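File shown: final-v5.txt (compact mmCIF, C-alpha atoms).
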```
# COMPACT_ATOMS: atom_id res chain seq x y z
CA MET G 165 18.71 -27.17 -2.41
CA THR G 166 21.29 -27.47 -5.16
CA LYS G 167 22.44 -24.31 -6.89
CA ASP G 168 20.38 -25.17 -9.99
CA ALA G 169 17.28 -25.81 -7.89
CA GLU G 170 17.76 -22.41 -6.26
CA THR G 171 18.03 -20.80 -9.69
CA ALA G 172 14.89 -22.61 -10.82
CA ALA G 173 12.95 -21.41 -7.79
CA THR G 174 14.21 -17.84 -8.33
CA LEU G 175 13.17 -17.76 -11.99
CA ILE G 176 9.76 -19.32 -11.41
CA ALA G 177 9.15 -16.74 -8.67
CA LEU G 178 10.17 -13.91 -11.05
CA GLU G 179 7.78 -15.23 -13.68
CA ARG G 180 4.90 -15.62 -11.22
CA ALA G 181 5.35 -12.09 -9.90
CA ALA G 182 5.40 -10.63 -13.42
CA LEU G 183 2.36 -12.68 -14.43
CA ASP G 184 0.47 -11.55 -11.39
CA ARG G 185 0.97 -7.91 -12.34
CA TRP G 186 0.29 -8.63 -16.02
CA GLY G 187 -3.11 -10.10 -15.14
CA LYS G 188 -3.99 -6.81 -13.47
CA GLY G 189 -3.18 -4.77 -16.55
CA GLU G 190 0.32 -3.85 -15.41
CA PRO G 191 3.03 -4.73 -17.96
CA SER G 192 5.92 -3.19 -16.00
CA GLY G 193 6.57 -6.44 -14.18
CA TYR G 194 7.79 -8.01 -17.39
CA LEU G 195 9.55 -4.89 -18.62
CA GLU G 196 11.53 -4.64 -15.37
CA ILE G 197 12.96 -8.13 -15.81
CA SER G 198 13.66 -7.85 -19.55
CA ALA G 199 17.15 -7.13 -20.89
CA PRO G 200 17.88 -4.32 -23.37
CA ASP G 201 18.44 -6.93 -26.09
CA VAL G 202 15.29 -8.97 -25.38
CA THR G 203 13.55 -10.63 -28.33
CA TYR G 204 9.85 -11.42 -28.14
CA PHE G 205 7.26 -13.56 -29.92
CA ASP G 206 3.54 -13.71 -29.32
CA PRO G 207 0.79 -14.97 -31.63
CA PHE G 208 -0.89 -11.57 -32.00
CA LEU G 209 2.13 -9.97 -33.64
CA GLU G 210 3.04 -10.38 -37.27
CA ARG G 211 6.73 -10.53 -36.45
CA ARG G 212 9.22 -10.74 -33.60
CA LEU G 213 9.93 -7.66 -31.51
CA ASP G 214 13.63 -6.94 -31.03
CA GLY G 215 14.82 -4.91 -28.08
CA LEU G 216 13.36 -3.53 -24.87
CA GLN G 217 12.33 -0.30 -26.54
CA ALA G 218 10.11 -2.12 -29.04
CA LEU G 219 8.69 -4.36 -26.32
CA SER G 220 7.97 -1.39 -24.06
CA ALA G 221 6.15 0.45 -26.85
CA TYR G 222 4.00 -2.63 -27.49
CA TYR G 223 3.25 -3.28 -23.84
CA GLU G 224 2.29 0.34 -23.24
CA THR G 225 -0.54 -0.13 -25.75
CA LEU G 226 -1.84 -2.94 -23.51
CA ARG G 227 -1.48 -1.17 -20.18
CA GLY G 228 -4.75 -1.34 -18.24
CA LYS G 229 -6.38 -3.51 -20.91
CA VAL G 230 -5.44 -7.01 -19.77
CA ARG G 231 -7.47 -8.70 -17.08
CA ILE G 232 -6.87 -12.26 -16.03
CA ASP G 233 -9.12 -13.53 -13.26
CA ARG G 234 -7.28 -16.77 -12.60
CA TRP G 235 -4.18 -18.41 -13.98
CA GLN G 236 -2.31 -21.62 -13.42
CA LEU G 237 1.35 -22.01 -14.28
CA LEU G 238 1.74 -25.71 -15.08
CA ASP G 239 4.69 -28.05 -15.25
CA PRO G 240 7.54 -25.50 -15.12
CA GLU G 241 10.97 -26.77 -16.14
CA VAL G 242 14.22 -24.83 -15.78
CA GLN G 243 17.35 -25.82 -17.70
CA VAL G 244 20.35 -24.03 -16.25
CA CYS G 245 23.55 -23.62 -18.30
CA GLY G 246 25.86 -21.35 -16.33
CA ASP G 247 24.59 -17.80 -16.66
CA VAL G 248 21.76 -18.71 -19.03
CA ALA G 249 18.60 -20.57 -18.07
CA VAL G 250 15.54 -21.67 -20.02
CA LEU G 251 12.21 -21.69 -18.20
CA SER G 252 9.38 -23.43 -20.04
CA PHE G 253 5.84 -23.96 -18.82
CA ARG G 254 2.19 -24.10 -19.80
CA LEU G 255 -0.29 -21.51 -18.66
CA VAL G 256 -4.06 -21.74 -18.38
CA SER G 257 -5.61 -18.30 -18.03
CA GLN G 258 -9.23 -17.43 -17.40
CA ALA G 259 -11.02 -14.13 -17.86
CA GLY G 260 -14.71 -14.39 -17.20
CA THR G 261 -15.84 -17.56 -18.98
CA ALA G 262 -13.02 -17.50 -21.52
CA THR G 263 -10.15 -19.92 -21.04
CA MET G 264 -6.89 -19.72 -22.95
CA ARG G 265 -4.09 -22.27 -23.05
CA TRP G 266 -0.52 -21.20 -23.67
CA ASN G 267 2.95 -22.57 -24.09
CA CYS G 268 5.69 -20.25 -22.90
CA THR G 269 9.45 -20.19 -23.18
CA GLU G 270 11.51 -17.69 -21.19
CA VAL G 271 15.27 -17.46 -21.67
CA PHE G 272 17.05 -15.67 -18.82
CA ARG G 273 20.64 -14.41 -18.69
CA ARG G 274 22.36 -13.56 -15.40
CA GLY G 275 24.21 -10.24 -15.30
CA PRO G 276 25.26 -7.65 -12.76
CA ALA G 277 21.60 -6.64 -12.25
CA GLY G 278 20.45 -10.24 -11.75
CA TRP G 279 18.46 -12.52 -14.04
CA ARG G 280 16.97 -10.80 -17.06
CA LEU G 281 14.87 -12.08 -19.96
CA ILE G 282 16.68 -12.15 -23.28
CA HIS G 283 13.90 -14.01 -25.08
CA THR G 284 10.18 -14.58 -24.53
CA HIS G 285 7.96 -16.80 -26.65
CA TRP G 286 4.21 -16.97 -25.92
CA ALA G 287 2.08 -19.31 -28.03
CA VAL G 288 -1.57 -20.23 -27.94
CA THR G 289 -2.26 -23.92 -28.18
CA GLN G 290 -5.94 -24.48 -27.56
CA SER G 291 -6.99 -24.06 -31.19
CA LEU G 292 -4.96 -27.08 -32.20
CA ALA G 293 -5.28 -29.28 -29.12
CA MET R 126 33.28 -12.33 -39.37
CA THR R 127 33.17 -11.92 -35.63
CA LYS R 128 32.99 -15.04 -33.49
CA ASP R 129 29.29 -14.44 -32.76
CA ALA R 130 28.54 -13.94 -36.44
CA GLU R 131 30.27 -17.26 -37.16
CA THR R 132 28.16 -18.94 -34.49
CA ALA R 133 25.02 -17.40 -35.95
CA ALA R 134 25.87 -18.66 -39.43
CA THR R 135 26.62 -22.12 -38.05
CA LEU R 136 23.32 -22.39 -36.18
CA ILE R 137 21.22 -21.07 -39.04
CA ALA R 138 22.89 -23.61 -41.33
CA LEU R 139 22.14 -26.42 -38.85
CA GLU R 140 18.50 -25.34 -38.71
CA ARG R 141 18.18 -25.11 -42.48
CA ALA R 142 19.68 -28.54 -42.99
CA ALA R 143 17.34 -30.10 -40.41
CA LEU R 144 14.33 -28.29 -41.90
CA ASP R 145 15.20 -29.48 -45.35
CA ARG R 146 15.16 -33.10 -44.21
CA TRP R 147 12.04 -32.53 -42.11
CA GLY R 148 10.15 -31.29 -45.15
CA LYS R 149 10.94 -34.58 -46.88
CA GLY R 150 9.48 -36.65 -44.06
CA GLU R 151 12.85 -37.27 -42.37
CA PRO R 152 12.90 -36.28 -38.69
CA SER R 153 16.41 -37.56 -38.00
CA GLY R 154 17.94 -34.22 -38.93
CA TYR R 155 16.44 -32.66 -35.82
CA LEU R 156 17.03 -35.68 -33.63
CA GLU R 157 20.73 -35.69 -34.55
CA ILE R 158 21.19 -32.13 -33.33
CA SER R 159 19.07 -32.46 -30.18
CA ALA R 160 20.65 -32.97 -26.75
CA PRO R 161 19.63 -35.79 -24.40
CA ASP R 162 17.92 -33.23 -22.14
CA VAL R 163 16.04 -31.39 -24.92
CA THR R 164 12.61 -29.95 -24.09
CA TYR R 165 10.06 -29.44 -26.87
CA PHE R 166 6.84 -27.54 -27.47
CA ASP R 167 4.62 -27.63 -30.52
CA PRO R 168 0.95 -26.63 -30.85
CA PHE R 169 -0.24 -30.15 -31.66
CA LEU R 170 0.87 -31.59 -28.33
CA GLU R 171 -1.08 -31.24 -25.12
CA ARG R 172 2.10 -30.79 -23.13
CA ARG R 173 5.84 -30.32 -23.41
CA LEU R 174 8.03 -33.28 -24.30
CA ASP R 175 11.04 -33.71 -22.02
CA GLY R 176 14.09 -35.58 -23.22
CA LEU R 177 15.43 -36.95 -26.48
CA GLN R 178 13.76 -40.30 -25.93
CA ALA R 179 10.30 -38.71 -25.76
CA LEU R 180 11.04 -36.49 -28.76
CA SER R 181 12.33 -39.43 -30.78
CA ALA R 182 9.22 -41.49 -30.03
CA TYR R 183 7.03 -38.59 -31.18
CA TYR R 184 9.03 -37.88 -34.32
CA GLU R 185 9.03 -41.55 -35.31
CA THR R 186 5.22 -41.35 -35.52
CA LEU R 187 5.67 -38.58 -38.11
CA ARG R 188 8.41 -40.23 -40.18
CA GLY R 189 7.44 -40.23 -43.84
CA LYS R 190 4.26 -38.26 -43.16
CA VAL R 191 5.46 -34.68 -43.41
CA ARG R 192 5.80 -33.06 -46.81
CA ILE R 193 6.70 -29.42 -47.25
CA ASP R 194 6.97 -28.24 -50.83
CA ARG R 195 8.51 -24.86 -50.11
CA TRP R 196 9.61 -23.05 -46.99
CA GLN R 197 11.09 -19.69 -46.19
CA LEU R 198 13.05 -19.06 -43.01
CA LEU R 199 12.51 -15.38 -42.26
CA ASP R 200 14.30 -12.85 -40.14
CA PRO R 201 16.61 -15.15 -38.15
CA GLU R 202 18.21 -13.69 -35.05
CA VAL R 203 20.89 -15.38 -32.97
CA GLN R 204 21.69 -14.23 -29.43
CA VAL R 205 24.97 -15.76 -28.30
CA CYS R 206 25.82 -16.00 -24.57
CA GLY R 207 28.99 -18.04 -24.27
CA ASP R 208 28.11 -21.68 -24.83
CA VAL R 209 24.39 -21.03 -25.16
CA ALA R 210 22.69 -19.38 -28.13
CA VAL R 211 19.08 -18.56 -28.92
CA LEU R 212 17.99 -18.73 -32.56
CA SER R 213 14.58 -17.25 -33.30
CA PHE R 214 12.90 -16.95 -36.68
CA ARG R 215 9.62 -17.10 -38.53
CA LEU R 216 8.85 -19.81 -41.03
CA VAL R 217 6.36 -19.85 -43.88
CA SER R 218 5.74 -23.37 -45.12
CA GLN R 219 3.70 -24.50 -48.09
CA ALA R 220 2.34 -27.94 -48.91
CA GLY R 221 0.17 -27.93 -51.98
CA THR R 222 -2.11 -24.92 -51.60
CA ALA R 223 -1.88 -24.83 -47.80
CA THR R 224 0.31 -22.19 -46.21
CA MET R 225 1.30 -22.21 -42.56
CA ARG R 226 3.02 -19.46 -40.59
CA TRP R 227 5.18 -20.29 -37.62
CA ASN R 228 7.24 -18.68 -34.92
CA CYS R 229 10.18 -20.76 -33.79
CA THR R 230 12.65 -20.57 -30.92
CA GLU R 231 15.68 -22.86 -30.81
CA VAL R 232 18.03 -22.82 -27.82
CA PHE R 233 21.41 -24.40 -28.54
CA ARG R 234 24.13 -25.41 -26.08
CA ARG R 235 27.72 -26.03 -27.16
CA GLY R 236 29.32 -29.20 -25.83
CA PRO R 237 32.06 -31.64 -26.82
CA ALA R 238 29.90 -32.87 -29.73
CA GLY R 239 29.16 -29.36 -31.00
CA TRP R 240 25.99 -27.29 -30.84
CA ARG R 241 22.95 -29.22 -29.70
CA LEU R 242 19.34 -28.15 -29.16
CA ILE R 243 18.28 -28.08 -25.53
CA HIS R 244 14.91 -26.47 -26.25
CA THR R 245 12.62 -26.15 -29.28
CA HIS R 246 9.40 -24.15 -29.41
CA TRP R 247 7.25 -24.23 -32.55
CA ALA R 248 4.10 -22.12 -32.63
CA VAL R 249 1.49 -21.47 -35.29
CA THR R 250 0.58 -17.84 -35.72
CA GLN R 251 -1.65 -17.55 -38.75
CA SER R 252 -4.88 -18.18 -36.88
CA LEU R 253 -4.37 -15.05 -34.82
CA ALA R 254 -2.61 -12.77 -37.29
```

When written as structure tokens, how does the structure in this file appear?
Amino acid sequence: MTKDAETAATLIALERAALDRWGKGEPSGYLEISAPDVTYFDPFLERRLDGLQALSAYYETLRGKVRIDRWQLLDPEVQVCGDVAVLSFRLVSQAGTATMRWNCTEVFRRGPAGWRLIHTHWAVTQSLA
Amino acid sequence: MTKDAETAATLIALERAALDRWGKGEPSGYLEISAPDVTYFDPFLERRLDGLQALSAYYETLRGKVRIDRWQLLDPEVQVCGDVAVLSFRLVSQAGTATMRWNCTEVFRRGPAGWRLIHTHWAVTQSLA
């Protein structure tokens, strides 16, 4: 594998592991791989969250409340630029009979502790598809 | 101004200039600042577009068809990591009596030609706010 392919595999594995925990109501997977200066968008919030403290406070309100029965991470692409990498993918998540379709962008930065998220953008797409 | 503040001002100005042309039906503003390897999400597409050629083909279908009467770029944040920078902001756009609310992520990479977009993610938020 090339170095960039190794990075891509590493980041997709990080994302899958965090998603797996998220779908069981456990937000710590994402918090553990987010940087102190992470910025965060999702469609349920009126504005962006800035910083790990704000993201942690938000995620704590969701702890134990999220349940995803099945998810598929589709078409992941990783663009590596030195110590920064952009992972983008689509996600189809199912809980009971409800299906949601998402676009997601994850920007990672490599530091002494490894790869950490500096930006997350979740968007719902099904309503407009 | 610090170097990062200068970069932030530069990128916000690039975005504003491209948006201004976009709102007049002119997609070339974005195409001119997009890199050959740009990846692109918006909520109207079933999947991500990969590469400037794919983005250009899509934008050409919209040439002359977009009209935004007024827009406000809100709360821009720029995270600079060497030759990569993440610009995130909200946008409120109005056309006639219709208002749309967006989240946007723009990832720029600096190269010999200047700052170019390597990833764009537009998302609509009003339906879930």

Which residues of chain R have any atom within 9 Å of an atom in chain G when counting all atoms listed in the file, and what is the closest pair of atoms for each, with the distance in Å to one decimal? Order the rows by chain and rising number and write it as a tab-separated table.
```
residue	atom	partner	partner_atom	distance
R:Asp162	CA	G:Gln243	CA	8.7
R:Thr164	CA	G:Ser252	CA	8.3
R:Phe166	CA	G:Asn267	CA	7.2
R:Asp167	CA	G:Thr289	CA	8.2
R:Pro168	CA	G:Thr289	CA	5.0
R:Phe169	CA	G:Leu292	CA	5.7
R:Leu170	CA	G:Ala293	CA	6.6
R:Glu171	CA	G:Ala293	CA	6.1
R:Arg172	CA	G:Arg254	CA	7.5
R:Arg173	CA	G:Phe253	CA	7.8
R:Asp200	CA	G:Arg212	CA	8.5
R:Glu202	CA	G:Thr203	CA	8.7
R:Gln204	CA	G:Ile282	CA	8.2
R:Cys206	CA	G:Val248	CA	7.4
R:Gly207	CA	G:Asp247	CA	8.8
R:Asp208	CA	G:Cys245	CA	8.2
R:Val209	CA	G:Val248	CA	7.1
R:Val211	CA	G:His283	CA	7.9
R:Ser213	CA	G:Thr203	CA	8.3
R:Phe214	CA	G:Arg212	CA	7.8
R:Arg215	CA	G:Arg211	CA	7.5
R:Asn228	CA	G:Phe205	CA	7.2
R:Cys229	CA	G:His285	CA	8.5
R:Thr230	CA	G:His285	CA	7.4
R:Val232	CA	G:Val250	CA	8.3
R:Arg234	CA	G:Cys245	CA	8.0
R:Ile243	CA	G:Gln243	CA	8.2
R:His244	CA	G:Val250	CA	7.9
R:His246	CA	G:Thr269	CA	7.4
R:Trp247	CA	G:Ala287	CA	8.4
R:Ala248	CA	G:Ala287	CA	5.8
R:Val249	CA	G:Pro207	CA	7.5
R:Thr250	CA	G:Pro207	CA	5.0
R:Gln251	CA	G:Pro207	CA	8.0
R:Ser252	CA	G:Pro207	CA	8.4
R:Leu253	CA	G:Phe208	CA	5.7
R:Ala254	CA	G:Phe208	CA	5.7
```

Worksheet item: Counting all atoms listed in the file, what is within 8 Å of Val244 (chain G), bar same-chain residues fewer than 6 positions away, as an MDAnalysis selection string?
Response: chainID G and resid 168 171:172 250

Worksheet item: Between G:Met165, G:Leu175, G:Ile197, G:Ala221, which one has atoms that come closest to Arg280 (chain G), using only C-alpha atoms?
Response: G:Ile197

Moved chain R, fitted on chain G by every C-alpha in sequence order, as an mmCIF file with C-alpha atoms, in the coordinates of the input:
```cif
data_model
loop_
_atom_site.group_PDB
_atom_site.id
_atom_site.type_symbol
_atom_site.label_atom_id
_atom_site.label_comp_id
_atom_site.auth_asym_id
_atom_site.auth_seq_id
_atom_site.Cartn_x
_atom_site.Cartn_y
_atom_site.Cartn_z
ATOM 1 C CA MET R 126 18.694 -27.168 -2.426
ATOM 2 C CA THR R 127 21.276 -27.475 -5.148
ATOM 3 C CA LYS R 128 22.429 -24.314 -6.888
ATOM 4 C CA ASP R 129 20.368 -25.157 -9.990
ATOM 5 C CA ALA R 130 17.286 -25.818 -7.888
ATOM 6 C CA GLU R 131 17.764 -22.405 -6.259
ATOM 7 C CA THR R 132 18.028 -20.803 -9.690
ATOM 8 C CA ALA R 133 14.891 -22.608 -10.815
ATOM 9 C CA ALA R 134 12.955 -21.393 -7.782
ATOM 10 C CA THR R 135 14.207 -17.849 -8.338
ATOM 11 C CA LEU R 136 13.168 -17.762 -11.995
ATOM 12 C CA ILE R 137 9.766 -19.314 -11.400
ATOM 13 C CA ALA R 138 9.155 -16.729 -8.675
ATOM 14 C CA LEU R 139 10.166 -13.908 -11.048
ATOM 15 C CA GLU R 140 7.767 -15.243 -13.674
ATOM 16 C CA ARG R 141 4.906 -15.607 -11.214
ATOM 17 C CA ALA R 142 5.362 -12.094 -9.899
ATOM 18 C CA ALA R 143 5.409 -10.631 -13.424
ATOM 19 C CA LEU R 144 2.362 -12.697 -14.428
ATOM 20 C CA ASP R 145 0.466 -11.550 -11.401
ATOM 21 C CA ARG R 146 0.979 -7.910 -12.346
ATOM 22 C CA TRP R 147 0.289 -8.641 -16.015
ATOM 23 C CA GLY R 148 -3.096 -10.103 -15.147
ATOM 24 C CA LYS R 149 -3.990 -6.817 -13.461
ATOM 25 C CA GLY R 150 -3.189 -4.775 -16.552
ATOM 26 C CA GLU R 151 0.338 -3.864 -15.402
ATOM 27 C CA PRO R 152 3.032 -4.739 -17.952
ATOM 28 C CA SER R 153 5.908 -3.190 -16.012
ATOM 29 C CA GLY R 154 6.577 -6.437 -14.176
ATOM 30 C CA TYR R 155 7.815 -8.008 -17.394
ATOM 31 C CA LEU R 156 9.555 -4.890 -18.625
ATOM 32 C CA GLU R 157 11.525 -4.641 -15.370
ATOM 33 C CA ILE R 158 12.964 -8.121 -15.807
ATOM 34 C CA SER R 159 13.656 -7.852 -19.546
ATOM 35 C CA ALA R 160 17.148 -7.128 -20.887
ATOM 36 C CA PRO R 161 17.876 -4.321 -23.357
ATOM 37 C CA ASP R 162 18.440 -6.929 -26.089
ATOM 38 C CA VAL R 163 15.288 -8.981 -25.381
ATOM 39 C CA THR R 164 13.549 -10.640 -28.340
ATOM 40 C CA TYR R 165 9.827 -11.414 -28.142
ATOM 41 C CA PHE R 166 7.264 -13.558 -29.924
ATOM 42 C CA ASP R 167 3.542 -13.718 -29.320
ATOM 43 C CA PRO R 168 0.786 -14.989 -31.637
ATOM 44 C CA PHE R 169 -0.879 -11.590 -32.003
ATOM 45 C CA LEU R 170 2.144 -9.976 -33.631
ATOM 46 C CA GLU R 171 3.047 -10.370 -37.272
ATOM 47 C CA ARG R 172 6.728 -10.531 -36.437
ATOM 48 C CA ARG R 173 9.211 -10.738 -33.594
ATOM 49 C CA LEU R 174 9.921 -7.656 -31.510
ATOM 50 C CA ASP R 175 13.623 -6.943 -31.026
ATOM 51 C CA GLY R 176 14.802 -4.894 -28.085
ATOM 52 C CA LEU R 177 13.359 -3.528 -24.867
ATOM 53 C CA GLN R 178 12.324 -0.293 -26.532
ATOM 54 C CA ALA R 179 10.110 -2.122 -29.038
ATOM 55 C CA LEU R 180 8.684 -4.370 -26.320
ATOM 56 C CA SER R 181 7.964 -1.406 -24.066
ATOM 57 C CA ALA R 182 6.144 0.446 -26.847
ATOM 58 C CA TYR R 183 3.994 -2.637 -27.483
ATOM 59 C CA TYR R 184 3.252 -3.294 -23.825
ATOM 60 C CA GLU R 185 2.292 0.336 -23.231
ATOM 61 C CA THR R 186 -0.536 -0.144 -25.755
ATOM 62 C CA LEU R 187 -1.840 -2.950 -23.516
ATOM 63 C CA ARG R 188 -1.476 -1.169 -20.168
ATOM 64 C CA GLY R 189 -4.735 -1.347 -18.250
ATOM 65 C CA LYS R 190 -6.365 -3.520 -20.910
ATOM 66 C CA VAL R 191 -5.434 -7.010 -19.782
ATOM 67 C CA ARG R 192 -7.468 -8.701 -17.079
ATOM 68 C CA ILE R 193 -6.879 -12.278 -16.026
ATOM 69 C CA ASP R 194 -9.120 -13.540 -13.257
ATOM 70 C CA ARG R 195 -7.281 -16.778 -12.585
ATOM 71 C CA TRP R 196 -4.179 -18.411 -13.975
ATOM 72 C CA GLN R 197 -2.328 -21.631 -13.402
ATOM 73 C CA LEU R 198 1.340 -22.024 -14.265
ATOM 74 C CA LEU R 199 1.750 -25.709 -15.068
ATOM 75 C CA ASP R 200 4.689 -28.040 -15.240
ATOM 76 C CA PRO R 201 7.557 -25.522 -15.098
ATOM 77 C CA GLU R 202 10.973 -26.771 -16.132
ATOM 78 C CA VAL R 203 14.210 -24.831 -15.775
ATOM 79 C CA GLN R 204 17.348 -25.815 -17.694
ATOM 80 C CA VAL R 205 20.353 -24.020 -16.236
ATOM 81 C CA CYS R 206 23.559 -23.610 -18.295
ATOM 82 C CA GLY R 207 25.866 -21.339 -16.340
ATOM 83 C CA ASP R 208 24.588 -17.790 -16.669
ATOM 84 C CA VAL R 209 21.771 -18.716 -19.031
ATOM 85 C CA ALA R 210 18.599 -20.571 -18.067
ATOM 86 C CA VAL R 211 15.549 -21.672 -20.020
ATOM 87 C CA LEU R 212 12.206 -21.688 -18.205
ATOM 88 C CA SER R 213 9.380 -23.431 -20.033
ATOM 89 C CA PHE R 214 5.836 -23.951 -18.804
ATOM 90 C CA ARG R 215 2.205 -24.092 -19.801
ATOM 91 C CA LEU R 216 -0.293 -21.520 -18.647
ATOM 92 C CA VAL R 217 -4.061 -21.744 -18.374
ATOM 93 C CA SER R 218 -5.625 -18.316 -18.034
ATOM 94 C CA GLN R 219 -9.238 -17.424 -17.392
ATOM 95 C CA ALA R 220 -11.024 -14.116 -17.868
ATOM 96 C CA GLY R 221 -14.717 -14.373 -17.212
ATOM 97 C CA THR R 222 -15.846 -17.527 -18.996
ATOM 98 C CA ALA R 223 -13.005 -17.488 -21.531
ATOM 99 C CA THR R 224 -10.148 -19.915 -21.042
ATOM 100 C CA MET R 225 -6.882 -19.716 -22.940
ATOM 101 C CA ARG R 226 -4.083 -22.276 -23.048
ATOM 102 C CA TRP R 227 -0.526 -21.205 -23.664
ATOM 103 C CA ASN R 228 2.946 -22.582 -24.086
ATOM 104 C CA CYS R 229 5.670 -20.263 -22.884
ATOM 105 C CA THR R 230 9.449 -20.190 -23.180
ATOM 106 C CA GLU R 231 11.505 -17.685 -21.196
ATOM 107 C CA VAL R 232 15.273 -17.468 -21.667
ATOM 108 C CA PHE R 233 17.044 -15.670 -18.825
ATOM 109 C CA ARG R 234 20.625 -14.395 -18.691
ATOM 110 C CA ARG R 235 22.361 -13.550 -15.418
ATOM 111 C CA GLY R 236 24.200 -10.235 -15.332
ATOM 112 C CA PRO R 237 25.266 -7.634 -12.775
ATOM 113 C CA ALA R 238 21.604 -6.649 -12.263
ATOM 114 C CA GLY R 239 20.440 -10.240 -11.776
ATOM 115 C CA TRP R 240 18.459 -12.527 -14.057
ATOM 116 C CA ARG R 241 16.971 -10.788 -17.062
ATOM 117 C CA LEU R 242 14.874 -12.099 -19.952
ATOM 118 C CA ILE R 243 16.682 -12.138 -23.274
ATOM 119 C CA HIS R 244 13.907 -14.007 -25.084
ATOM 120 C CA THR R 245 10.180 -14.581 -24.532
ATOM 121 C CA HIS R 246 7.954 -16.810 -26.645
ATOM 122 C CA TRP R 247 4.220 -16.978 -25.928
ATOM 123 C CA ALA R 248 2.087 -19.311 -28.023
ATOM 124 C CA VAL R 249 -1.583 -20.226 -27.949
ATOM 125 C CA THR R 250 -2.268 -23.923 -28.176
ATOM 126 C CA GLN R 251 -5.955 -24.462 -27.582
ATOM 127 C CA SER R 252 -6.970 -24.012 -31.201
ATOM 128 C CA LEU R 253 -4.936 -27.035 -32.212
ATOM 129 C CA ALA R 254 -5.264 -29.254 -29.152
#
```

Worksheet item: Do you have the CA of Gly278 (chain G)-CA of Leu174 (chain R) distance handy?
Response: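 According to the coordinates, CA of Gly278 (chain G) and CA of Leu174 (chain R) are separated by 29.0 Å.
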
Item to complete: Write out as a PyMOL selection string each polymer residue whose atoms come within 6 Å of Gly189 (chain G), counting all atoms listed in the file; drop sequence neighbours fewer than 6 positions from it.
Response: chain G and resi 227-231

Practice prompt. Would you list the contacts of Ala262 (chain G) as a list in words, taking every protein, DNA or RNA residue within 12 Å and counting all atoms listed in the file, but skipping same-chain residues closer than 6 positions in sequence?
Written response: Arg231, Ile232, Asp233, Arg234, Trp235, Val256 and Gln290 of chain G

Discussion item. Rounded to one decimal, what separation in Å do you get between CA of Pro191 (chain G) and CA of Arg274 (chain G)?
Written reply: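 Result for CA of Pro191 (chain G) versus CA of Arg274 (chain G): 21.4 Å, one decimal.
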
As AutoDock Vina command-line options, please: the centre and edge lengths in Å, to one decimal, of an axis-aligned box enclosing every listed atom of region 197-212 of chain R with 4 Å added on each side.
```
--center_x 20.0 --center_y -17.3 --center_z -35.2 --size_x 25.9 --size_y 16.8 --size_z 29.9
```

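Using only C-alpha atoms, the residues found no farther than 9 Å from Tyr155 (chain R), other than those of its own chain fewer than 5 positions away, are Leu139, Glu140, Ala142, Ala143, Leu144, Arg146, Trp147 and Leu242 of chain R.
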